[in-house]
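A.B. asks: Below is start.txt; it holds compact mmCIF, C-alpha atoms and all ligand atoms.
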# COMPACT_ATOMS: atom_id res chain seq x y z
CA MET F 1 -23.85 -30.12 80.68
CA ILE F 2 -20.09 -29.54 80.74
CA GLU F 3 -19.65 -25.77 80.48
CA TYR F 4 -16.73 -24.25 78.64
CA GLU F 5 -16.02 -22.08 81.68
CA SER F 6 -18.00 -21.25 84.81
CA LEU F 7 -16.41 -18.46 86.82
CA THR F 8 -18.68 -19.24 89.77
CA ARG F 9 -17.21 -22.74 89.88
CA SER F 10 -13.66 -21.65 89.14
CA ASN F 11 -13.70 -19.06 91.95
CA ALA F 12 -15.71 -21.17 94.40
CA SER F 13 -12.79 -22.42 96.48
CA PHE F 14 -11.46 -18.87 96.98
CA MET F 15 -14.82 -17.26 97.74
CA ALA F 16 -14.33 -16.71 101.47
CA GLU F 17 -10.89 -15.18 100.96
CA LEU F 18 -12.15 -12.99 98.13
CA GLU F 19 -15.02 -11.72 100.25
CA GLN F 20 -12.66 -10.92 103.12
CA ALA F 21 -10.38 -8.98 100.80
CA ALA F 22 -13.29 -7.02 99.35
CA VAL F 23 -14.55 -6.06 102.80
CA ARG F 24 -11.03 -4.99 103.81
CA VAL F 25 -10.83 -2.62 100.83
CA ILE F 26 -14.32 -1.19 101.30
CA ARG F 27 -13.63 -0.47 104.96
CA SER F 28 -10.19 1.02 104.28
CA GLY F 29 -11.64 4.14 102.67
CA TRP F 30 -8.80 4.17 100.07
CA TYR F 31 -9.77 2.91 96.60
CA VAL F 32 -7.25 3.98 93.98
CA LEU F 33 -3.43 3.56 93.98
CA GLY F 34 -2.87 2.56 97.57
CA GLN F 35 -1.21 -0.19 99.53
CA GLU F 36 -3.13 -3.06 97.91
CA VAL F 37 -1.89 -2.03 94.45
CA ALA F 38 1.65 -1.53 95.77
CA ALA F 39 1.60 -4.94 97.49
CA PHE F 40 0.20 -6.70 94.42
CA GLU F 41 2.85 -5.08 92.22
CA THR F 42 5.60 -6.32 94.53
CA GLU F 43 4.12 -9.81 94.74
CA PHE F 44 3.48 -10.15 91.02
CA ALA F 45 6.95 -8.84 90.10
CA GLN F 46 8.38 -11.46 92.45
CA PHE F 47 6.24 -14.19 90.92
CA VAL F 48 7.36 -13.33 87.39
CA GLY F 49 10.94 -12.69 88.44
CA ALA F 50 10.98 -9.13 87.10
CA LYS F 51 12.34 -6.02 88.78
CA HIS F 52 9.19 -3.91 88.34
CA CYS F 53 5.46 -4.41 88.00
CA ILE F 54 3.09 -1.57 87.15
CA GLY F 55 -0.61 -2.24 87.58
CA VAL F 56 -2.92 -0.83 84.90
CA ALA F 57 -6.63 -0.97 84.06
CA ASN F 58 -6.56 -3.89 81.58
CA GLY F 59 -4.40 -5.93 79.22
CA LEU F 60 -4.97 -3.74 76.17
CA ASP F 61 -3.75 -0.67 78.07
CA ALA F 62 -0.73 -2.63 79.31
CA LEU F 63 0.19 -3.20 75.66
CA ILE F 64 -0.59 0.33 74.43
CA LEU F 65 1.30 2.02 77.28
CA SER F 66 4.30 -0.31 76.89
CA ILE F 67 4.55 0.22 73.14
CA ASN F 68 4.18 3.99 73.64
CA ALA F 69 6.92 3.98 76.26
CA LEU F 70 9.39 2.53 73.74
CA ASP F 71 9.39 5.98 72.10
CA LEU F 72 9.62 4.62 68.55
CA PRO F 73 9.24 6.99 65.60
CA HIS F 74 5.57 7.42 64.67
CA GLY F 75 4.54 4.86 62.04
CA SER F 76 7.23 2.31 62.87
CA GLU F 77 6.58 -1.24 61.77
CA ILE F 78 5.99 -3.78 64.54
CA LEU F 79 6.04 -7.50 63.77
CA VAL F 80 3.12 -9.42 65.28
CA ALA F 81 1.54 -12.87 64.79
CA SER F 82 -1.13 -13.09 62.07
CA ASN F 83 -3.36 -15.23 64.33
CA THR F 84 -3.12 -13.29 67.60
CA TYR F 85 -6.10 -11.94 69.48
CA ILE F 86 -7.10 -8.58 68.01
CA ALA F 87 -5.93 -6.68 71.14
CA THR F 88 -2.24 -7.12 70.28
CA ILE F 89 -2.82 -5.55 66.87
CA LEU F 90 -5.12 -2.83 68.22
CA ALA F 91 -2.41 -1.83 70.68
CA ILE F 92 0.13 -1.33 67.88
CA VAL F 93 -2.36 0.77 65.90
CA ARG F 94 -3.41 2.77 68.99
CA ALA F 95 0.23 3.50 69.77
CA GLY F 96 0.56 5.04 66.28
CA HIS F 97 2.45 2.24 64.57
CA LYS F 98 2.00 -0.22 61.72
CA PRO F 99 1.36 -3.90 62.44
CA VAL F 100 3.23 -6.27 60.11
CA LEU F 101 1.92 -9.82 60.29
CA VAL F 102 4.08 -12.90 60.78
CA GLU F 103 2.56 -16.32 60.23
CA PRO F 104 2.31 -18.90 63.05
CA ASP F 105 3.55 -22.44 63.41
CA LEU F 106 0.41 -24.58 62.88
CA GLU F 107 1.35 -27.03 65.62
CA THR F 108 1.92 -24.47 68.38
CA PHE F 109 -0.33 -21.57 67.27
CA ASN F 110 2.63 -19.29 68.06
CA MET F 111 4.62 -16.92 65.84
CA ASP F 112 6.99 -18.97 63.69
CA PRO F 113 10.52 -17.53 64.06
CA ALA F 114 11.34 -18.90 60.59
CA CYS F 115 8.81 -16.42 59.14
CA LEU F 116 10.45 -13.36 60.72
CA PRO F 117 13.11 -12.60 58.07
CA ALA F 118 10.51 -12.25 55.28
CA ALA F 119 8.54 -9.72 57.35
CA LEU F 120 11.51 -7.50 58.13
CA THR F 121 11.83 -4.13 56.39
CA SER F 122 14.02 -1.11 57.13
CA ASN F 123 11.07 0.45 59.02
CA ALA F 124 10.74 -2.40 61.51
CA ARG F 125 11.50 -1.25 65.06
CA ALA F 126 9.95 -3.90 67.31
CA ILE F 127 8.42 -7.35 67.67
CA CYS F 128 5.30 -7.89 69.74
CA VAL F 129 4.98 -11.61 70.50
CA THR F 130 1.88 -13.28 71.94
CA HIS F 131 2.36 -16.41 74.04
CA LEU F 132 -0.93 -17.79 72.79
CA PHE F 133 -3.02 -20.36 74.71
CA GLY F 134 -0.50 -20.40 77.60
CA LYS F 135 2.50 -21.65 75.62
CA SER F 136 5.73 -19.68 75.38
CA CYS F 137 6.84 -18.58 71.92
CA ARG F 138 10.31 -19.78 70.86
CA MET F 139 11.98 -16.85 72.59
CA ASP F 140 15.46 -18.28 72.03
CA ALA F 141 15.13 -17.72 68.28
CA ILE F 142 12.96 -14.60 68.54
CA CYS F 143 15.26 -12.80 71.00
CA ALA F 144 18.28 -13.63 68.83
CA PHE F 145 16.51 -12.19 65.78
CA ALA F 146 15.47 -9.05 67.68
CA LYS F 147 19.00 -8.53 68.93
CA GLU F 148 20.55 -9.06 65.51
CA HIS F 149 18.27 -6.44 63.93
CA GLY F 150 18.09 -3.96 66.81
CA LEU F 151 14.38 -4.51 67.43
CA LYS F 152 12.60 -3.80 70.70
CA LEU F 153 10.57 -6.67 72.11
CA VAL F 154 7.19 -6.53 73.85
CA GLU F 155 5.51 -9.70 75.11
CA ASP F 156 1.73 -10.13 75.22
CA CYS F 157 1.40 -12.42 78.25
CA ALA F 158 -2.37 -12.11 78.58
CA GLN F 159 -2.67 -15.90 78.24
CA SER F 160 0.65 -17.01 79.72
CA HIS F 161 0.78 -16.28 83.48
CA GLY F 162 3.51 -18.58 84.76
CA ALA F 163 4.41 -20.13 81.39
CA LYS F 164 8.13 -20.72 80.89
CA LEU F 165 10.71 -21.53 78.26
CA SER F 166 13.84 -23.28 79.54
CA GLY F 167 12.87 -22.25 83.07
CA GLN F 168 12.52 -18.56 82.18
CA MET F 169 9.13 -16.90 82.73
CA THR F 170 7.29 -15.34 79.82
CA GLY F 171 7.28 -11.60 80.37
CA THR F 172 10.98 -11.45 81.21
CA PHE F 173 12.48 -11.97 77.75
CA GLY F 174 11.75 -8.58 76.24
CA ASP F 175 11.60 -4.90 77.17
CA ALA F 176 8.14 -5.29 78.69
CA GLY F 177 5.75 -8.14 79.54
CA CYS F 178 2.06 -7.20 79.33
CA PHE F 179 -0.52 -9.07 81.37
CA SER F 180 -4.31 -9.08 81.38
CA PHE F 181 -6.24 -10.20 84.45
CA TYR F 182 -9.58 -10.36 82.65
CA PRO F 183 -11.77 -12.74 84.72
CA THR F 184 -11.28 -15.81 82.48
CA LYS F 185 -7.47 -15.54 82.27
CA ASN F 186 -5.30 -17.95 84.24
CA LEU F 187 -4.89 -15.22 86.84
CA GLY F 188 -8.27 -13.51 86.66
CA ALA F 189 -9.65 -10.58 88.61
CA ILE F 190 -13.32 -9.97 89.44
CA GLY F 191 -13.48 -7.35 86.71
CA ASP F 192 -10.91 -5.69 84.45
CA ALA F 193 -7.26 -5.41 85.42
CA GLY F 194 -3.80 -5.58 83.85
CA ALA F 195 -0.10 -5.04 84.52
CA VAL F 196 3.27 -4.52 82.86
CA VAL F 197 6.45 -6.14 84.14
CA THR F 198 9.91 -4.91 83.17
CA ASN F 199 13.52 -4.92 84.29
CA ASP F 200 14.10 -1.48 82.75
CA ASP F 201 14.10 1.25 85.43
CA ALA F 202 13.40 4.11 83.02
CA LEU F 203 10.55 2.27 81.30
CA ALA F 204 9.01 1.38 84.68
CA ASP F 205 9.27 4.98 85.86
CA ARG F 206 7.59 6.22 82.72
CA LEU F 207 4.75 3.66 82.91
CA ARG F 208 4.17 4.38 86.58
CA HIS F 209 3.34 7.94 85.58
CA THR F 210 1.69 7.57 82.17
CA ARG F 211 -0.98 5.31 83.73
CA ASN F 212 -1.85 8.21 86.04
CA TYR F 213 -2.20 11.28 83.77
CA GLY F 214 1.55 11.41 83.16
CA SER F 215 1.89 13.02 86.53
CA LYS F 216 4.86 12.39 88.81
CA GLN F 217 3.78 14.89 91.37
CA LYS F 218 0.10 15.68 91.88
CA TYR F 219 -1.01 18.34 89.37
CA VAL F 220 2.40 18.39 87.65
CA ASN F 221 2.30 16.59 84.29
CA GLU F 222 5.47 15.26 82.74
CA TYR F 223 4.00 13.04 79.97
CA VAL F 224 0.82 13.01 77.91
CA GLY F 225 -0.66 10.31 80.10
CA VAL F 226 -3.93 8.47 80.43
CA ASN F 227 -6.10 7.25 83.26
CA SER F 228 -5.39 3.54 83.34
CA ARG F 229 -4.97 2.66 86.98
CA LEU F 230 -5.40 -0.68 88.68
CA ASP F 231 -7.82 -0.11 91.55
CA GLU F 232 -7.43 -1.25 95.15
CA MET F 233 -10.35 -3.66 94.95
CA GLN F 234 -9.01 -5.60 91.97
CA ALA F 235 -5.48 -5.56 93.41
CA ALA F 236 -6.70 -7.02 96.72
CA LEU F 237 -8.70 -9.72 94.91
CA LEU F 238 -5.75 -10.50 92.63
CA ARG F 239 -3.48 -10.92 95.66
CA VAL F 240 -5.81 -13.69 96.86
CA LYS F 241 -5.83 -15.39 93.46
CA LEU F 242 -2.06 -15.00 93.01
CA ARG F 243 -1.50 -17.00 96.21
CA HIS F 244 -3.38 -19.86 94.52
CA LEU F 245 -1.99 -19.48 91.00
CA GLY F 246 0.47 -22.36 91.48
CA GLU F 247 -2.34 -24.79 92.39
CA MET F 248 -4.57 -23.46 89.61
CA THR F 249 -1.82 -23.99 87.04
CA GLN F 250 -1.09 -27.49 88.35
CA HIS F 251 -4.78 -28.32 88.07
CA LYS F 252 -4.98 -27.15 84.45
CA ARG F 253 -1.79 -29.00 83.57
CA ALA F 254 -3.22 -32.19 85.08
CA LEU F 255 -6.38 -31.76 83.01
CA ALA F 256 -4.26 -31.25 79.88
CA GLU F 257 -2.43 -34.47 80.69
CA ILE F 258 -5.75 -36.33 80.61
CA TYR F 259 -6.47 -34.86 77.19
CA PHE F 260 -3.05 -35.88 75.87
CA ASP F 261 -3.54 -39.41 77.19
CA HIS F 262 -7.15 -39.97 76.15
CA LEU F 263 -8.09 -37.87 73.12
CA PRO F 264 -8.62 -39.79 69.86
CA GLY F 265 -5.64 -39.92 67.51
CA TRP F 266 -7.52 -38.23 64.65
CA LEU F 267 -7.51 -34.88 66.44
CA ALA F 268 -4.45 -32.64 65.95
CA LEU F 269 -3.21 -31.89 69.48
CA PRO F 270 -0.95 -28.99 70.49
CA ARG F 271 2.73 -29.89 70.22
CA ARG F 272 4.66 -30.26 73.46
CA ARG F 273 8.38 -29.80 73.95
CA ASP F 274 10.49 -30.65 76.98
CA ASP F 275 11.82 -27.13 77.47
CA GLU F 276 8.35 -25.52 77.42
CA TYR F 277 6.27 -25.20 80.57
CA ASP F 278 2.71 -24.68 79.28
CA VAL F 279 -0.05 -23.26 81.48
CA PHE F 280 -2.92 -24.21 79.12
CA HIS F 281 -4.96 -21.03 79.22
CA ILE F 282 -6.73 -22.67 76.28
CA PHE F 283 -6.57 -26.29 75.09
CA GLY F 284 -6.79 -25.82 71.32
CA VAL F 285 -7.08 -28.84 69.05
CA ARG F 286 -7.52 -28.82 65.28
CA HIS F 287 -9.82 -30.68 62.94
CA ALA F 288 -10.86 -30.17 59.30
CA ARG F 289 -14.56 -30.55 60.18
CA ARG F 290 -14.34 -28.38 63.27
CA ASP F 291 -17.86 -26.90 63.06
CA GLU F 292 -19.48 -30.33 62.76
CA LEU F 293 -17.49 -31.56 65.71
CA ARG F 294 -18.45 -28.55 67.79
CA GLU F 295 -22.12 -29.07 66.98
CA GLY F 296 -21.90 -32.79 67.84
CA LEU F 297 -20.24 -32.04 71.17
CA LEU F 298 -22.91 -29.51 72.05
CA GLU F 299 -25.64 -32.07 71.26
CA ARG F 300 -23.94 -34.41 73.71
CA GLY F 301 -23.67 -31.76 76.43
CA VAL F 302 -20.17 -30.34 75.97
CA LYS F 303 -19.66 -26.64 75.36
CA THR F 304 -16.57 -25.54 73.43
CA GLU F 305 -15.21 -22.28 72.02
CA ILE F 306 -13.30 -21.14 68.95
CA HIS F 307 -10.19 -18.98 69.38
CA TYR F 308 -10.81 -17.21 67.13
CA PRO F 309 -13.56 -17.42 64.51
CA ILE F 310 -12.26 -14.53 62.32
CA PRO F 311 -8.54 -13.85 61.72
CA PRO F 312 -7.39 -10.24 62.31
CA HIS F 313 -6.78 -9.54 58.60
CA LYS F 314 -10.41 -10.44 57.81
CA GLN F 315 -11.90 -8.15 60.46
CA LYS F 316 -13.79 -5.16 59.12
CA ALA F 317 -11.99 -2.87 61.57
CA MET F 318 -8.65 -3.83 60.00
CA LYS F 319 -9.60 -2.80 56.46
CA GLY F 320 -6.79 -0.70 55.06
CA ILE F 321 -4.60 -1.55 58.07
CA LEU F 322 -3.92 -5.25 57.41
CA THR F 323 -3.62 -6.25 53.79
CA GLY F 324 -2.41 -9.41 52.08
CA ASP F 325 -2.99 -13.13 52.35
CA TRP F 326 -2.29 -15.02 55.55
CA PRO F 327 -3.14 -18.63 54.73
CA LEU F 328 -1.78 -20.15 57.94
CA ALA F 329 -3.87 -17.77 60.05
CA ASP F 330 -6.88 -18.65 57.87
CA GLU F 331 -6.18 -22.35 58.36
CA LEU F 332 -5.98 -22.04 62.16
CA HIS F 333 -9.09 -19.95 62.40
CA ALA F 334 -11.00 -22.48 60.27
CA THR F 335 -9.89 -25.57 62.19
CA GLU F 336 -9.28 -24.61 65.83
CA LEU F 337 -11.54 -25.93 68.59
CA SER F 338 -11.03 -25.05 72.27
CA LEU F 339 -11.98 -27.87 74.64
CA PRO F 340 -13.04 -27.14 78.23
CA ILE F 341 -10.08 -26.68 80.60
CA SER F 342 -10.50 -24.61 83.74
CA VAL F 343 -10.06 -24.60 87.49
CA GLY F 344 -13.77 -25.43 87.81
CA HIS F 345 -13.46 -28.66 85.76
CA SER F 346 -12.69 -32.01 87.33
CA GLY F 347 -10.61 -34.81 85.84
CA GLU F 348 -13.88 -36.68 85.48
CA ASP F 349 -15.31 -33.86 83.31
CA ILE F 350 -12.29 -34.04 81.02
CA ARG F 351 -12.38 -37.86 80.77
CA GLN F 352 -16.04 -37.53 79.82
CA VAL F 353 -15.19 -35.05 77.02
CA CYS F 354 -12.59 -37.55 75.73
CA GLU F 355 -15.09 -40.41 75.86
CA ILE F 356 -17.68 -38.43 73.95
CA LEU F 357 -15.08 -37.53 71.30
CA HIS F 358 -14.33 -41.23 70.85
CA GLN F 359 -17.96 -41.66 69.71
CA PHE F 360 -17.14 -39.68 66.55
CA ASP F 361 -15.56 -41.22 63.46
CA GLY F 362 -12.89 -38.58 62.98
C1 LIG F 401 -7.27 -10.99 76.84
C2 LIG F 401 -6.19 -10.63 75.90
C3 LIG F 401 -5.77 -9.30 75.75
C4 LIG F 401 -6.50 -8.11 76.30
O1 LIG F 401 -6.72 -8.08 77.64
P1 LIG F 401 -7.88 -7.17 78.25
O2 LIG F 401 -7.58 -7.19 79.71
O3 LIG F 401 -9.18 -7.78 77.89
O4 LIG F 401 -7.72 -5.79 77.68
C5 LIG F 401 -4.67 -9.05 74.95
N1 LIG F 401 -4.04 -10.03 74.30
C6 LIG F 401 -4.43 -11.31 74.40
C7 LIG F 401 -3.66 -12.35 73.66
C8 LIG F 401 -5.52 -11.66 75.19
O5 LIG F 401 -5.90 -12.93 75.28
How does the structure come out when it is put into structure tokens?
C.D. replies:
Amino acid sequence: MIEYESLTRSNASFMAELEQAAVRVIRSGWYVLGQEVAAFETEFAQFVGAKHCIGVANGLDALILSINALDLPHGSEILVASNTYIATILAIVRAGHKPVLVEPDLETFNMDPACLPAALTSNARAICVTHLFGKSCRMDAICAFAKEHGLKLVEDCAQSHGAKLSGQMTGTFGDAGCFSFYPTKNLGAIGDAGAVVTNDDALADRLRHTRNYGSKQKYVNEYVGVNSRLDEMQAALLRVKLRHLGEMTQHKRALAEIYFDHLPGWLALPRRRDDEYDVFHIFGVRHARRDELREGLLERGVKTEIHYPIPPHKQKAMKGILTGDWPLADELHATELSLPISVGHSGEDIRQVCEILHQFDG
């Protein structure tokens, strides 16, 4: 059986280092907001090429706290992709604003900059882009649009650790870059974790305190904060994984290369462009008879996933929040199939998936 993802396998080569780091933290006697968190923040900021990094409890909080810190008028409209993971939209709602959907480009799964003008109203105050599947959005066009219309820009980088456009890291284009280190992400912790990166001193200062009860000085509260701290254990484990992120990304990119070279022509593959450095968090292909294909693969021992089975506007939780028709989101959700691609997979695994796919008629 070729699993979709096995975290035991993916973390196997780092196990000794992870165990050492865990023991170090347990023996230190200091478990929340200490030197491991501070060191990880410095190292991750350096990796991304941002001035500040603020560790938080998870990716959703990174988004909520960042959007809150923009200090937009309550009920502002924020433009967001119609096919993003629900967290991006939840964050906008949780921060007290109104998500306005923008349709994606079918070939990249990312927000289509050409669809931005139609979504713009006089209440729009920000854009929240998601670099879906590990591919950068077209930030050249999106940043120009944001600038022209005075919109703030938040990046959901939960799937794009290390992804670049024209050599620039995702997370550094906007006011804040929000990362998740959920265990299956390209940089994954051994539990929940997240971070915000920013070049804005005031925003960083605010986030550093809102994640910790809004307190700058113990028992003195400056903001209405929350408890969303990154803990020492996850920070120490993430420092180990961060040291290997380059290799992990190279590995996934090499696996993607095998897919591009060997997948049958009847599958719609993700589009590649020379100026985009993709990190392939997910390898999403498209096919009209996706469910049949998925079933056939499973029968032949290959597990796959769907990202995502239900588009945000069709979720029960979004009733009354998201209204209207979003046919491109519907189309992607009906046809997308995620093929295995992880640190725990070998080139041989991926070649086998390709071979099995060649047994189908298309
Ligand atoms: C995983 C993910 C999140 C949320 O991250 P958590 O750490 O699970 O809160 C947000 N946005 C996208 C696009 C994601 O893939």
A.B. asks: Could the residues that lie within 9 Å of ligand LIG 401 (chain F), counting only C-alpha atoms and all ligand atoms, be listed as a VMD selection string?
C.D. replies: chain F and resid 57 to 63 84 to 89 91 130 to 133 156 to 160 178 to 185 192 to 194
A.B. asks: Looking at only C-alpha atoms, which of F:Leu328, F:Val220, F:Ile258, F:Ala202 is the one that sits closest to F:Cys115?
C.D. replies: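 Once distances to F:Cys115 are computed over only C-alpha atoms, the minimum belongs to F:Leu328.
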A.B. asks: Please tell me which residues are no farther than 12 Å from (-18.8, -29.2, 64.7) in the file, counting all atoms listed in the file, and write them as a list in words.
C.D. replies: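 So the residues meeting the distance criterion are Arg286, His287, Ala288, Arg289, Arg290, Asp291, Glu292, Leu293, Arg294, Glu295, Gly296, Leu297, Leu298, Glu299, Arg300, Val302, Lys303, Thr304, Glu305, Ile306, Ala334, Thr335, Glu336, Leu337, Ser338, Leu357, Phe360 and Gly362 of chain F.
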A.B. asks: Pick from F:Pro73, F:Phe109, F:Glu232, F:Val93: nearest to F:Arg27, with only C-alpha atoms counted?
C.D. replies: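 Of the candidates, the smallest distance to F:Arg27 is held by F:Glu232.
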A.B. asks: Just give me the gap between atom CA of F:Thr8 and atom CA of F:Gln35 in Å, one decimal is fine.
C.D. replies: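 For atom CA of F:Thr8 relative to atom CA of F:Gln35, the distance reads 27.6 Å.
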